[in-house]
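Beneath this line is the structure, given in structure tokens, with notes to follow.
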Amino acid sequence: MLARSLLCAALVVHAAAAGPSGTNSIAVKHSAASITLDGRLDEPAWREAPVLKLIQQSPRPGEPTPYETEVRVVLAGENLYFGFLCRDPEPGKIAVHTMQRDGTMAGDDTVGVVLDTYGDRRTGYFFIINAAGARADGLISDPEHPSYDWDGIWDARAARGEAGWSAEIVIPSRTLNFTPGLESWGLNLQRFVARERITLRWASPTLDAFFYDLSRAGSLTGVGDLKQGLGIEISPYAIGRMKEFFGRSPRAWQGAEGMDLTWKVTPQLVTVFTGNTDFAETEVDARQINITRFPLFFPEKRAFFLEGVNQYEFGLGLGTQFIPFFTRRIGLLRGRQVPINAGVKLNGRAGNFNLALLDVQTRDSTVAPGVNLLAGRVSYDVTRKFRIGTLFTNGDPEGLKRNSFVGFDAVWRTSTFRGNKNFLVGAWAGRVAGDLGPGSRSGWGYKIDYPNDLVDCATSLHRYGEDMAPALGFLPRPGTRQFHVGCHYQPRPSKQGPFRWVRQFFFDGRYERVTNHRGITESWLYSLEPLSFQTESGELFEVDLEPQYELLAAPFEIVPGVIVPPGAYRFTRWEFTAESSSHRPLQAGAEVIAGSFYRGTLTQWRQYLRWTSPKGRLQLGVTAENNFGHLKQGKFIQRLWQLQSAFAWNPNVVLTSFIQYDTETQNLGTNTRLRWTFKPGNDLFIVWNCGWQRLITTPRDLTLIPDNEFLAVKLRWTFRR
């Protein structure tokens with residue numbers, strides 16, 4: 001009933017809200033001449049193309065800046081080119097911090113393109129490069145949280161000059177899924193000047209507009225004749241690997257091969273077949289310290305599962321509270337890999353329907369028997385603002401029980417509420433079937449969200465049955481009812497007043513409450529942010545006060561030997577945060593959380609220090625987390641140290657290293673990876689992982705002995721027709 005009421009409310013609001021979408025429009029320039037990708041707009045095709053001008057979107061929409069930006073769009077054959085000319089009065093101050101694919105570019109000078117190739121104003125692609133030519137890309141289904149999980153085959157170059165910098169981006173039509181014959185695509189363009197924290201944009205340059213909000217995009221016309229060829233893409237790979245577990249198994253050498261075959265059934269619908277799937281090149285997980293009684297969330301990093309995972313987005317703003325289909329349940333079990341024989345994916349669109357399907361067959365192993373695991377998602381765009389859908393899964397990764405899940409959801413979103421404000425309403429309901437207990441197997445929830453620049457408020461309520469346990473999902477707290485309400489007031493002070501050195505203040509308030517299936521409160525938390533601001537130069541300062549409550553129905557072992565008995569606990573914690581601006585070559589930050597904790601005290605320290613060489617070739621970073629607990633049941637110290645480095649010869653040849661040590665496992669681990677991209681789609685990976693175990697014979701014993709070693713060389717090549 002609640003979900004039905006919310007859907008009715010969404011339809012009423014839909015009827016009441018009105019407003020036009022982006023009105024900017026540009027016709028692509030067709031050219032028979034070739035373009036050499038070197039970052040310099042010196043070919044005749046660029047000079048003949050119409051010029052688009054970007055204007056300031058943030059922090060002062062519409063005001064002039066010295067960072068004049070011109071963009072040209074050219075269609076040459078089946079390749080779509082974007083050329084950016086970025087003027088800068090002080091080009092020596094252009095900021096670059098990475099050359100890695102999908103690296104963090106928050107502090108870099110960048111340009112970006114978003115494309116709505118379906119014309120649905122909801123889903124699309126984004127492409128971003130920085131002033132060094134490093135690429136980042138992904139898929140759009142949520143304007144606030146784009147997914148970087150897709151790696152398309154495209155290329156870009158950047159070049160510096162006396163007047164600033166320029167960039168060329170080429171996107172082959174075979175890289176995109178699109179509605180054939182559609183004459184107009186959604187388009188938006190953006191430039192970010194890191195040291196001034198100024199954003200310039202083509203369409204919808206207002207503070208409340210997200211760059212990835214395709215409902216606010218302009219139009220790119222003249223693309224109706226684009227073709228995709230046969231739509232076949234073959235990516236075979238070969239791999240050689242060595243494994244050794246010291247003292248447990250001898251060194252073993254292995255060779256393997258596999259293949260991914262992509263077939264575009266239609267220009268909108270893509271099928272991917274994979275055989276003998278391998279993830280040797282995948283980066284290791286960043287370790288975490290857990291002081292809660294609930295499982296931690298680790299994000300998916302394997303390329304096969306990442307691409308298209310945004311199609312399975314369910315409900316509105318569930319985050320990691322509940323993920324009905326969590327791809328890490330496939331091919332991974334209790335931290336160990338489960339071999340995959342074959343799999344098939346289907347992603348795309350047919351009319352107003354959005355389709356996604358994943359079917360994987362695992363292999364018998366010492367970890368688990370071979371099983372078939374299935375997940376699918378179908379959604380329908382009733383209007384450009386209102387979408388309904390269903391999601392289903394089937395299978396148990398452990399191969400022990402029958403388990404399936406089916407859920408239904410609806411989301412209505414608009415960027416024209418009260419004129420030009422963002423407003424979202426979403427609801428969902430689902431049920432698990434199979435070999436489960438006698439408790440409730442169903443769940444439901446809703447969220448109402450008003451995410452805007454000055455006022456950002458949201459409220460949500462979700463209920464999960466005590467036996468709601470989807471085997472292919474992630475649900476840390478089943479058997480609970482979780483309520484959340486929060487509001488953020490974020491004024492921007494006048495530049496003529498006493499606080500002109502502040503870019504934006506943040507005054508936040510949040511309340512969360514969790515009750516169990518009997519209605520008994522298990523947790524509540526108030527979060528008050530009396531002081532938080534970001535300076536014009538990008539420095540961040542924040543103070544939080546968090547009174548909270550926890551009810552332990554069973555003993556809770558925080559660390560081995562320190563067990564908190566059952567009971568009700570109230571404690572108050574303070575949080576202090578200070579961070580330097582991300583555009584600086586040397587960045588530093590510190591977070592301190594202190595106060596009472598389960599009738600004792602807990603102080604948490606987190607510090608980081610990062611340095612980048614002037615041209616972004618070398619990156620070094622160190623992070624340290626330390627927890628100091630003093631409880632009646634005992635004292636404990638938890639430490640986690642991480643060291644990251646990267647060296648790039650250019651954006652296509654990058655060597656990275658990640659070293660981690662934590663006191664929980666007493667293990668030192670390293671992950672070193674070389675990625676050489678010969679050209680987009682053709683890659684060589686060399687990966688070396690090694691672990692050392694600490695032997696604690698005395699408290700001060702720092703002896704480390706080799707524990708395990710892994711070396712892999714993987715070559716992947718892509719052929720398109």
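In the structure tokens, chains take letters A, B, ... by order of appearance, with residues numbered from 1 within each chain and ligands from 1 in the order shown.
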Next on the checklist: I'd like the contact shell of A:Leu220 - 8 Å cut-off, only C-alpha atoms, skipping same-chain residues fewer than 2 positions apart - returned as a list of chain:residue names.
Outcome noted: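 The residues satisfying every condition are A:Ser25, A:Ile26, A:Ala27, A:Val28, A:Ser184, A:Trp185, A:Gly186, A:Leu187, A:Gly218, A:Gly222, A:Val223.
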List every residue of stretch 268-322 of chain A that has an atom at most 10 Å from any atom of stretch 147-157 of chain A, giving for each one its closest atom pair and the distance in Å to one decimal, counting only C-alpha atoms, sorted by chain and then by ascending residue number, as a tab-separated table.
```
residue	atom	partner	partner_atom	distance
A:Glu300	CA	A:Asp149	CA	8.9
A:Lys301	CA	A:Asp149	CA	8.2
A:Arg302	CA	A:Asp149	CA	9.1
A:Ala303	CA	A:Asp149	CA	7.5
A:Phe304	CA	A:Trp150	CA	9.4
A:Phe305	CA	A:Asp149	CA	8.7
A:Leu306	CA	A:Asp149	CA	4.9
A:Glu307	CA	A:Trp150	CA	4.5
A:Gly308	CA	A:Trp150	CA	6.7
A:Val309	CA	A:Asp149	CA	7.4
A:Asn310	CA	A:Ser147	CA	6.6
```
Those same residues, written as a PDB file, in the first residue's frame with C-alpha atoms?
```pdb
ATOM      1  CA  GLU A 300      33.491  -4.515  -7.481  1.00  0.00           C
ATOM      2  CA  LYS A 301      36.703  -4.084  -9.506  1.00  0.00           C
ATOM      3  CA  ARG A 302      36.531  -6.841 -12.157  1.00  0.00           C
ATOM      4  CA  ALA A 303      36.042  -5.403 -15.642  1.00  0.00           C
ATOM      5  CA  PHE A 304      33.624  -8.052 -16.955  1.00  0.00           C
ATOM      6  CA  PHE A 305      31.153  -7.422 -14.144  1.00  0.00           C
ATOM      7  CA  LEU A 306      31.680  -3.661 -13.988  1.00  0.00           C
ATOM      8  CA  GLU A 307      30.668  -2.924 -17.546  1.00  0.00           C
ATOM      9  CA  GLY A 308      26.910  -2.471 -17.582  1.00  0.00           C
ATOM     10  CA  VAL A 309      26.460  -2.918 -13.823  1.00  0.00           C
ATOM     11  CA  ASN A 310      24.685   0.453 -13.665  1.00  0.00           C
TER      12      ASN A 310
END
```
Item to check | Polymer residues at most 12 Å from A:Ala280, only C-alpha atoms, same-chain spacing of 5 or more positions, as JSON, numbers by chain | outcome: {"A": [237, 238, 239, 240, 241, 242, 243, 255, 256, 257, 301, 302, 303, 304, 337, 339, 671, 672, 673, 684, 685, 686, 687, 688, 689, 710, 711, 712, 713, 714, 715, 716]}
Next on the checklist: Please identify the helix (DSSP H, G or I) residues within stretch 276-375 of chain A (assignment by DSSP from backbone atoms) and present them as a list of chain:residue names.
Outcome noted: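 These are the residues in question: A:Ala303, A:Phe304, A:Phe305, A:Leu306, A:Val309, A:Asn310, A:Gln311, A:Tyr312, A:Thr327, A:Arg328, A:Arg329.
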Next on the checklist: I want to know what sits within 6 Å of stretch 203-209 of chain A, based on only C-alpha atoms, with residues of the same chain fewer than 3 positions away left out; could you give that as a PyMOL selection string?
Outcome noted: chain A and resi 57+61+188+216-218+452-453
Just want the 9 Å neighbourhood of A:His145, counted on only C-alpha atoms, with same-chain residues fewer than 4 positions away dropped. Output as a CSV table (one decimal) with N, CA and C atoms, in the first residue's frame.
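In the end it all went to around_32.csv:
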```csv
chain,number,residue,atom,x,y,z
A,140,ILE,N,25.9,6.8,-17.4
A,140,ILE,CA,25.1,7.7,-16.7
A,140,ILE,C,23.7,7.0,-16.5
A,141,SER,N,23.3,6.8,-15.3
A,141,SER,CA,21.9,6.5,-15.1
A,141,SER,C,21.3,7.3,-13.9
A,212,TYR,N,25.9,15.6,-15.2
A,212,TYR,CA,25.4,14.3,-15.7
A,212,TYR,C,23.9,14.2,-15.8
```
Checklist entry - Could you work out how far atom CA of A:Thr320 lies from atom CA of A:Asp116, giving the answer in Å with one decimal? => result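 One can read the atom CA of A:Asp116 to atom CA of A:Thr320 distance as 27.3 Å.
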Hey, could you make a per-residue contact list for stretch 188-279 of chain A against stretch 123-136 of chain A with 10 Å as the cut-off, showing the nearest pair of atoms and its distance in Å to one decimal, counting only C-alpha atoms, sorted by chain and number, as a tab-separated table?
```
residue	atom	partner	partner_atom	distance
A:Asn188	CA	A:Phe126	CA	9.4
A:Leu189	CA	A:Phe126	CA	9.8
A:Gln190	CA	A:Ile128	CA	9.1
A:Arg191	CA	A:Ile128	CA	9.5
A:Phe192	CA	A:Asn130	CA	9.3
A:Phe211	CA	A:Phe126	CA	9.6
A:Tyr212	CA	A:Phe126	CA	7.8
A:Asp213	CA	A:Thr123	CA	9.1
A:Leu214	CA	A:Thr123	CA	7.3
A:Ser215	CA	A:Thr123	CA	9.6
```
Item to check | Of the listed residues A:Arg349, A:Arg293, A:Arg513, A:Lys421, that which approaches A:Thr117 most closely, counting only C-alpha atoms | outcome: A:Arg349
Item to check | Counting only C-alpha atoms, the option among A:Glu43, A:Gln587, A:Gly519, A:Gly370 closest to A:Gly107 | outcome: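 Nearest candidate to A:Gly107 out of A:Glu43, A:Gln587, A:Gly519, A:Gly370: A:Gln587.
Residues within 7 Å of stretch 62-72 of chain A, counting only C-alpha atoms and excluding same-chain residues fewer than 6 positions away, are A:Trp46, A:Ala49, A:Pro50, A:Val51, A:Leu52, A:Lys53, A:Leu54, A:Ile55, A:Gln56, A:Phe82, A:Gly83, A:Phe84, A:Leu85, A:Cys86, A:Arg87, A:Asp88, A:Pro89.
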Next on the checklist: Please list as a VMD selection string every residue within 8 Å of stretch 636-648 of chain A, counting only C-alpha atoms and excluding residues in the same chain fewer than 6 positions away.
Outcome noted: chain A and resid 99 to 100 287 to 289 559 562 616 to 630 654 to 664
